[in-house]
Amino acid sequence: MPHSSRKNRPTVTKRTSVTDTDGWTHVTNGGNVRRVMRRQKNEPEPILVPAEAPGRLTLTDLQAQFDTHRERWERSESWARVTETLHKRLEQRSRAQAPVDAIVCIGLGSPSGFLRDGWVDRRAVSLYQLAALVAIKDQVESSSASPFKIYAQDPVFNTLDESLLAGLNITVLTHPEGFSHITEDSMLFCPGAERQHLELLLPSKPWLLFGGPLEHADAGGVLQSYVNDTESYCVPPFEALEHAFWNMRLYWTGKEDVEE
């Protein structure tokens, strides 16, 4: 019986490059990027290293990209609604509590680089989230004469990211330094924080949290306990890039009825 000399070839997953309206090139295996980013339950946490930026990307280019994303965020209906809610909370706080002492950002991601060997491109997500962080910082500064610090911590930050953040007066910390700066007078900005990190962060009871969603957490757990002790407001859908703030909320201590 004759035998074929042709060897079976291994199946190769085709990568697809898609360029969006912002000029980003996304490299994917055909699945939804948002699903790729999620880890499965009980899957070990990956060892995170600084993200790899495109070779030709300069700090000037990155700053220009950030300015574009910031303009889109600050013109959006999403920010208009968030800023209204935040203004009310800051006014309420100024009448009864100490001023905000710090804004701590955990898990922003890299505004300039690829994660997991170039398989996940979430740079636009990080840039929009950074735009939201800076807009919140500016609003707090305009409502209070008291100085405060703003910190960011994420092991995927590369040197370009650190330079961009430094230019925005944001101090980059190494893990776990950021955890020690969270108090009842601080604001916690964590749109990309893992649940296990939130369980370490929330016992400090930060006055305000931007992130989540925390609802439907385990009954009796740290996350549900924080939800029970706070009020919240859901961030309206952000049309430019919906999953950048998908189902996120503002949470604050000091309960008060609020319309959504």
# chains A, B, ... in the order shown; residues from 1 in each chain; ligands from 1
>>> closest_atom_pairs(of="stretch 70-141 of chain A", to="stretch 161-185 of chain A", cutoff="7 Å", atoms="only C-alpha atoms", output="JSON lines")
{"residue": "A:Ala98", "atom": "CA", "partner": "A:Asp185", "partner_atom": "CA", "distance": 6.9}
{"residue": "A:Pro99", "atom": "CA", "partner": "A:Asp185", "partner_atom": "CA", "distance": 6.9}
{"residue": "A:Val100", "atom": "CA", "partner": "A:Asp185", "partner_atom": "CA", "distance": 5.2}
{"residue": "A:Asp101", "atom": "CA", "partner": "A:Asp185", "partner_atom": "CA", "distance": 5.8}
{"residue": "A:Val104", "atom": "CA", "partner": "A:Gly178", "partner_atom": "CA", "distance": 6.7}
{"residue": "A:Ser110", "atom": "CA", "partner": "A:Asp161", "partner_atom": "CA", "distance": 6.5}
{"residue": "A:Pro111", "atom": "CA", "partner": "A:Asp161", "partner_atom": "CA", "distance": 6.3}
{"residue": "A:Ser112", "atom": "CA", "partner": "A:Asp161", "partner_atom": "CA", "distance": 6.3}
>>> write_last_selection(atoms="N, CA, C and O atoms", output="PDB file, in the first residue's frame")
ATOM      1  N   ALA A  98     -12.028  66.278  55.676  1.00  0.00           N
ATOM      2  CA  ALA A  98     -10.697  66.758  55.318  1.00  0.00           C
ATOM      3  C   ALA A  98     -10.540  66.731  53.800  1.00  0.00           C
ATOM      4  O   ALA A  98     -11.219  65.969  53.106  1.00  0.00           O
ATOM      5  N   PRO A  99      -9.654  67.561  53.256  1.00  0.00           N
ATOM      6  CA  PRO A  99      -9.438  67.558  51.804  1.00  0.00           C
ATOM      7  C   PRO A  99      -8.824  66.246  51.327  1.00  0.00           C
ATOM      8  O   PRO A  99      -8.241  65.488  52.108  1.00  0.00           O
ATOM      9  N   VAL A 100      -8.962  65.991  50.042  1.00  0.00           N
ATOM     10  CA  VAL A 100      -8.367  64.800  49.426  1.00  0.00           C
ATOM     11  C   VAL A 100      -6.848  64.882  49.575  1.00  0.00           C
ATOM     12  O   VAL A 100      -6.237  65.920  49.277  1.00  0.00           O
ATOM     13  N   ASP A 101      -6.217  63.798  50.053  1.00  0.00           N
ATOM     14  CA  ASP A 101      -4.765  63.835  50.261  1.00  0.00           C
ATOM     15  C   ASP A 101      -3.984  63.182  49.120  1.00  0.00           C
ATOM     16  O   ASP A 101      -2.787  63.431  48.970  1.00  0.00           O
ATOM     17  N   VAL A 104      -4.688  57.724  43.840  1.00  0.00           N
ATOM     18  CA  VAL A 104      -3.824  56.569  43.588  1.00  0.00           C
ATOM     19  C   VAL A 104      -4.415  55.759  42.439  1.00  0.00           C
ATOM     20  O   VAL A 104      -5.561  55.321  42.505  1.00  0.00           O
ATOM     21  N   SER A 110      -0.365  50.014  29.931  1.00  0.00           N
ATOM     22  CA  SER A 110       0.632  50.817  29.221  1.00  0.00           C
ATOM     23  C   SER A 110      -0.019  51.658  28.122  1.00  0.00           C
ATOM     24  O   SER A 110      -0.652  51.104  27.218  1.00  0.00           O
ATOM     25  N   PRO A 111       0.126  52.986  28.166  1.00  0.00           N
ATOM     26  CA  PRO A 111      -0.400  53.812  27.081  1.00  0.00           C
ATOM     27  C   PRO A 111       0.376  53.674  25.773  1.00  0.00           C
ATOM     28  O   PRO A 111      -0.096  54.108  24.729  1.00  0.00           O
ATOM     29  N   SER A 112       1.572  53.065  25.818  1.00  0.00           N
ATOM     30  CA  SER A 112       2.410  53.040  24.622  1.00  0.00           C
ATOM     31  C   SER A 112       2.735  51.657  24.085  1.00  0.00           C
ATOM     32  O   SER A 112       3.116  51.527  22.923  1.00  0.00           O
TER      33      SER A 112
END
>>> residues_around(residues="stretch 240-254 of chain A", least_positions_apart="5", cutoff="9 Å", atoms="only C-alpha atoms", output="number ranges by chain")
A: 34, 72-73, 76, 82, 85-86, 89, 93, 122, 124-126, 128-129, 184, 191, 205-214, 226-227, 229-235
>>> residues_around(residues="A:Gly221", least_positions_apart="3", cutoff="12 Å", atoms="only C-alpha atoms", output="list in words")
Arg195, Gln196, Leu198, Glu199, Leu200, Leu202, Pro203, Leu214, Glu215, His216, Ala217, Asp218, Gln224, Ser225, Tyr226, Val227 and Asn228 of chain A
>>> atom_distance(atom1="atom CA of A:Leu130", atom2="atom CA of A:Val156")
14.4 Å
>>> residues_around(residues="A:Gly55", least_positions_apart="5", cutoff="12 Å", atoms="only C-alpha atoms", output="MDAnalysis selection string")
chainID A and resid 61 112:114 160
>>> write_last_selection(atoms="N, CA and C atoms", output="compact mmCIF listing (two decimals), in the first residue's frame")
# COMPACT_ATOMS: atom_id res chain seq x y z
N ASP A 61 5.42 61.82 20.02
CA ASP A 61 4.29 61.14 19.38
C ASP A 61 3.27 60.70 20.43
N SER A 112 1.57 53.07 25.82
CA SER A 112 2.41 53.04 24.62
C SER A 112 2.73 51.66 24.08
N GLY A 113 2.61 50.61 24.90
CA GLY A 113 3.15 49.32 24.50
C GLY A 113 2.15 48.19 24.42
N PHE A 114 2.60 47.09 23.80
CA PHE A 114 1.80 45.87 23.67
C PHE A 114 2.02 44.97 24.88
N LEU A 160 8.77 55.02 28.23
CA LEU A 160 7.95 56.03 27.56
C LEU A 160 6.73 56.38 28.42
>>> select_by_dssp(residues="stretch 38-192 of chain A", states="strand (DSSP E)", output="ChimeraX atom specification")
/A:102-106,149-153,171-173,186-190
>>> select_by_dssp(residues="stretch 190-221 of chain A", states="helix (DSSP H, G or I)", output="VMD selection string")
chain A and resid 195 to 204
>>> atom_distance(atom1="atom CA of A:Leu223", atom2="atom CA of A:His197")
10.6 Å
>>> atom_distance(atom1="atom CA of A:Leu90", atom2="atom CA of A:Arg75")
21.2 Å
>>> closest_residue(among="A:Gly107, A:Ala193, A:Leu115, A:Ala102", to="A:Lys137", atoms="only C-alpha atoms")
A:Ala102
>>> closest_residue(among="A:Thr159, A:Ser186, A:Gln139, A:Gln97", to="A:Thr58", atoms="only C-alpha atoms")
A:Thr159
